[in-house]
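What follows is a short report on a single structure.
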Amino acid sequence: MVFLPADRLGAIRPIVLGDHVSVGAFAIVHGGAHIGRDTHIGHRVTVGEPEYGYALRRVYQGVGAPTLIGSGVVLRAGATVYAGAHVGDDTTIGHNTLLRTGVKVGSGSQLAANLTVERGCVIGDGVRCSPGTHLTADTVVEDRVFIGAGVRTINDRELIWRDPNNEQPLRPPKFAHGCRVGSGAVILAGITIGEHALVGAGSVVTKNVPARAVVYGVPATQRGEVTS
């Protein structure tokens, strides 16, 4: 295990480990990490790494920040949690899953292997997100949402790269309380999936989905309502 208390600008932040924390081989913990009791950090996990370089229309300078990992959390082998992220109690982060700067994950959630959760995403309590899914920056996932494997989210309607004169505001999607999204679905920019709605596997969602609606297809259209 390696402790790196200083960020790229030389600022030193304390590292706090709670009681009964276990740490696997080759894990790296950066300054500002606060890790709760009974948490397991797997092999090759990185916690609290400061972002550095260009991303999301800004340049990151490698500045550290408090990174809060709750009690009873499991960070499986290869997971990376960037500086400023928060992970709630009793949540599991899967193998090789990436949580970018400022991501917040609630308690009792399970984020499976090989996920990418981009900057500023907010994920609630009791969420299940299956392997290989990508959550674009600032996506909101409310409590008790289920997201299948390989789901893709989009927050950019114009696809303009590094042109400050033409870039439009990003519009992340939102997953409302208790909704379910099948594997392989694509959720376009600015879309809201309503409470307890159901999106079929492989759907391309181009407009808002009402609460309790059942939608599927390309493009997804409403085919019924959730009755239980």
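Numbering starts fresh at 1 for the residues of each chain in the structure tokens, the chains themselves are lettered A, B, ... in the order given, and ligands are numbered from 1 as they appear.
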Determine which residues of region 36-145 of chain A DSSP labels as strand (DSSP E or B) from the backbone of this structure, then write them out as a VMD selection string.
-> chain A and resid 40 to 41 46 to 49 52 to 55 58 to 61 67 to 69 74 to 75 80 to 82 86 to 87 92 to 93 98 to 99 104 to 105 110 to 111 116 to 117 122 to 123 128 to 129 134 to 135 140 to 141
Let me see the file: selected residues, N, CA and C atoms, as a compact mmCIF listing (two decimals), in the first residue's frame.
# COMPACT_ATOMS: atom_id res chain seq x y z
N HIS A 40 -13.36 -2.40 3.02
CA HIS A 40 -12.34 -3.23 2.35
C HIS A 40 -11.89 -2.55 1.07
N ILE A 41 -10.59 -2.33 0.96
CA ILE A 41 -9.99 -1.75 -0.24
C ILE A 41 -9.20 -2.85 -0.92
N THR A 46 -7.25 2.64 -6.31
CA THR A 46 -6.74 4.01 -6.11
C THR A 46 -7.85 4.86 -5.52
N VAL A 47 -7.54 5.54 -4.42
CA VAL A 47 -8.53 6.38 -3.74
C VAL A 47 -8.00 7.81 -3.63
N GLY A 48 -8.79 8.78 -4.10
CA GLY A 48 -8.48 10.19 -3.88
C GLY A 48 -7.48 10.79 -4.85
N GLU A 49 -7.26 10.16 -6.00
CA GLU A 49 -6.30 10.71 -6.96
C GLU A 49 -6.81 12.03 -7.53
N TYR A 52 -5.97 15.57 -13.37
CA TYR A 52 -4.94 16.38 -14.00
C TYR A 52 -5.14 16.34 -15.52
N GLY A 53 -5.08 17.52 -16.15
CA GLY A 53 -5.21 17.61 -17.60
C GLY A 53 -6.57 18.12 -18.04
N TYR A 54 -6.79 18.18 -19.36
CA TYR A 54 -8.02 18.73 -19.92
C TYR A 54 -9.14 17.71 -19.90
N ALA A 55 -10.30 18.13 -19.45
CA ALA A 55 -11.49 17.29 -19.51
C ALA A 55 -12.71 18.15 -19.21
N ARG A 58 -12.56 22.10 -19.26
CA ARG A 58 -11.70 22.80 -18.32
C ARG A 58 -10.40 22.02 -18.15
N VAL A 59 -9.40 22.70 -17.59
CA VAL A 59 -8.12 22.07 -17.31
C VAL A 59 -8.01 21.84 -15.82
N TYR A 60 -7.76 20.61 -15.43
CA TYR A 60 -7.57 20.24 -14.03
C TYR A 60 -6.10 20.31 -13.68
N GLN A 61 -5.80 20.91 -12.52
CA GLN A 61 -4.42 21.18 -12.13
C GLN A 61 -3.83 20.16 -11.17
N THR A 67 -11.96 13.12 -0.03
CA THR A 67 -12.58 11.97 -0.67
C THR A 67 -13.13 11.09 0.44
N LEU A 68 -14.44 10.94 0.49
CA LEU A 68 -15.09 10.33 1.64
C LEU A 68 -15.62 8.96 1.28
N ILE A 69 -15.09 7.94 1.93
CA ILE A 69 -15.53 6.56 1.74
C ILE A 69 -16.17 6.11 3.04
N VAL A 74 -17.12 -1.70 0.09
CA VAL A 74 -16.21 -2.61 -0.58
C VAL A 74 -15.78 -1.97 -1.89
N LEU A 75 -14.47 -1.74 -2.03
CA LEU A 75 -13.89 -1.27 -3.28
C LEU A 75 -13.12 -2.44 -3.87
N THR A 80 -11.05 2.79 -9.21
CA THR A 80 -10.41 4.10 -9.08
C THR A 80 -11.45 5.11 -8.64
N VAL A 81 -11.17 5.79 -7.52
CA VAL A 81 -12.07 6.81 -6.99
C VAL A 81 -11.28 8.12 -6.95
N TYR A 82 -11.66 9.08 -7.79
CA TYR A 82 -10.92 10.33 -7.87
C TYR A 82 -11.23 11.26 -6.69
N HIS A 86 -17.58 10.95 -3.12
CA HIS A 86 -18.16 10.47 -1.86
C HIS A 86 -18.86 9.15 -2.12
N VAL A 87 -18.59 8.16 -1.28
CA VAL A 87 -19.25 6.85 -1.38
C VAL A 87 -19.90 6.55 -0.04
N THR A 92 -21.00 -1.09 -2.61
CA THR A 92 -19.94 -1.86 -3.26
C THR A 92 -19.62 -1.24 -4.61
N ILE A 93 -18.33 -1.05 -4.85
CA ILE A 93 -17.83 -0.53 -6.13
C ILE A 93 -17.06 -1.66 -6.80
N LEU A 98 -14.65 3.12 -12.43
CA LEU A 98 -14.06 4.44 -12.32
C LEU A 98 -15.10 5.44 -11.84
N LEU A 99 -14.80 6.12 -10.73
CA LEU A 99 -15.62 7.22 -10.24
C LEU A 99 -14.81 8.50 -10.39
N LYS A 104 -20.96 11.41 -6.36
CA LYS A 104 -21.54 11.10 -5.06
C LYS A 104 -22.42 9.85 -5.21
N VAL A 105 -22.14 8.85 -4.39
CA VAL A 105 -22.90 7.60 -4.39
C VAL A 105 -23.50 7.40 -3.01
N GLN A 110 -24.98 -0.75 -5.31
CA GLN A 110 -24.03 -1.69 -5.90
C GLN A 110 -23.74 -1.26 -7.32
N LEU A 111 -22.50 -0.80 -7.53
CA LEU A 111 -22.04 -0.45 -8.86
C LEU A 111 -21.11 -1.57 -9.31
N THR A 116 -18.04 3.32 -15.92
CA THR A 116 -17.46 4.66 -15.93
C THR A 116 -18.53 5.63 -15.46
N VAL A 117 -18.24 6.28 -14.33
CA VAL A 117 -19.17 7.26 -13.75
C VAL A 117 -18.46 8.60 -13.82
N VAL A 122 -24.55 12.09 -9.56
CA VAL A 122 -25.13 11.87 -8.23
C VAL A 122 -25.97 10.61 -8.30
N ILE A 123 -25.61 9.62 -7.49
CA ILE A 123 -26.28 8.32 -7.46
C ILE A 123 -26.85 8.12 -6.07
N ARG A 128 -28.76 -0.18 -8.18
CA ARG A 128 -28.01 -1.28 -8.78
C ARG A 128 -27.67 -0.87 -10.21
N CYS A 129 -26.37 -0.88 -10.53
CA CYS A 129 -25.92 -0.56 -11.88
C CYS A 129 -25.05 -1.71 -12.37
N HIS A 134 -22.03 3.25 -18.86
CA HIS A 134 -21.38 4.56 -18.83
C HIS A 134 -22.41 5.62 -18.42
N LEU A 135 -22.11 6.32 -17.32
CA LEU A 135 -22.95 7.43 -16.87
C LEU A 135 -22.21 8.73 -17.17
N VAL A 140 -28.03 12.28 -12.98
CA VAL A 140 -28.66 12.05 -11.68
C VAL A 140 -29.38 10.71 -11.71
N VAL A 141 -29.05 9.86 -10.74
CA VAL A 141 -29.69 8.55 -10.58
C VAL A 141 -30.30 8.52 -9.19
Rank A:Gly32, A:Leu115, A:Leu56, A:Val21 by their smallest atom-to-atom distance to Ser71 (chain A), using only C-alpha atoms, and report the top residue only.
-> A:Val21
May I ask for the distance between CA of His196 (chain A) and CA of Ala213 (chain A), given in Å to one decimal place?
-> 7.7 Å
Within 10 Å of Val16 (chain A), counting only C-alpha atoms, which residues show up once you throw out same-chain ones fewer than 5 positions away? Write them as a ChimeraX atom specification, please.
-> /A:29,31-36,68
Within 12 Å of region 220-227 of chain A, counting only C-alpha atoms, which residues qualify if same-chain residues fewer than 2 places away don't, as a ChimeraX atom specification?
-> /A:178-181,185-188,193-218
Find the residues near Gly106 (chain A): any atom within 8 Å, counting only C-alpha atoms, skip ones fewer than 3 places away on the same chain, and give them as a PyMOL selection string.
-> chain A and resi 87-89+91+109+123-126
Tell me which protein, DNA and RNA residues are within 9 Å of Gly150 (chain A), counting only C-alpha atoms, leaving out same-chain ones fewer than 2 positions away, and put them as a compact mmCIF listing (two decimals) with N, CA and C atoms, in the first residue's frame.
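See out31.txt below for the written result:
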# COMPACT_ATOMS: atom_id res chain seq x y z
N LEU A 115 -17.59 -0.07 -14.80
CA LEU A 115 -18.43 1.10 -15.02
C LEU A 115 -17.55 2.34 -15.17
N SER A 130 -25.44 -2.34 -13.45
CA SER A 130 -24.81 -3.56 -13.93
C SER A 130 -23.55 -3.27 -14.74
N PRO A 131 -22.75 -4.31 -15.04
CA PRO A 131 -21.43 -4.10 -15.64
C PRO A 131 -21.46 -3.37 -16.99
N GLY A 132 -20.37 -2.61 -17.21
CA GLY A 132 -20.11 -2.03 -18.51
C GLY A 132 -20.91 -0.79 -18.87
N THR A 133 -21.64 -0.22 -17.93
CA THR A 133 -22.46 0.96 -18.20
C THR A 133 -21.63 2.23 -18.11
N HIS A 134 -22.03 3.25 -18.86
CA HIS A 134 -21.38 4.56 -18.83
C HIS A 134 -22.41 5.62 -18.42
N ILE A 147 -30.20 -0.17 -13.30
CA ILE A 147 -29.68 0.08 -14.64
C ILE A 147 -28.97 -1.18 -15.11
N GLY A 148 -29.37 -1.69 -16.26
CA GLY A 148 -28.80 -2.92 -16.78
C GLY A 148 -27.39 -2.75 -17.32
N ARG A 152 -25.84 3.22 -22.15
CA ARG A 152 -25.09 4.40 -22.54
C ARG A 152 -25.93 5.66 -22.34
N GLY A 182 -33.29 -1.44 -19.14
CA GLY A 182 -32.74 -2.70 -19.60
C GLY A 182 -31.36 -2.56 -20.24
N SER A 183 -30.66 -3.67 -20.33
CA SER A 183 -29.30 -3.69 -20.86
C SER A 183 -29.26 -3.16 -22.30
N GLY A 184 -28.18 -2.44 -22.59
CA GLY A 184 -27.94 -1.95 -23.94
C GLY A 184 -28.75 -0.74 -24.35
N ALA A 185 -29.55 -0.18 -23.46
CA ALA A 185 -30.33 1.01 -23.81
C ALA A 185 -29.42 2.22 -23.97
N VAL A 186 -29.86 3.16 -24.79
CA VAL A 186 -29.16 4.43 -24.99
C VAL A 186 -30.11 5.55 -24.59
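You can rank A:Ser107, A:Asn166, A:Ser228, A:Thr101 by their closest distance to Ala83 (chain A) using only C-alpha atoms, and at the top of that list sits A:Thr101.
Closest to Asp90 (chain A) among A:Val23, A:Leu159, A:Ile154, A:Val127 is A:Val127, based on only C-alpha atoms.
We find CA of Arg44 (chain A) and CA of Ala79 (chain A) to be spaced 7.4 Å apart.
For the atom pair formed by CA of Pro219 (chain A) and CA of Glu167 (chain A), the distance is 26.1 Å, given to one decimal.
Residues in contact range of region 95-97 of chain A, defined as at most 6 Å between only C-alpha atoms, with sequence neighbours fewer than 2 positions away removed, read Arg76, Ala77, Gly78, Ala79, Ala113, Asn114 and Leu115 of chain A.
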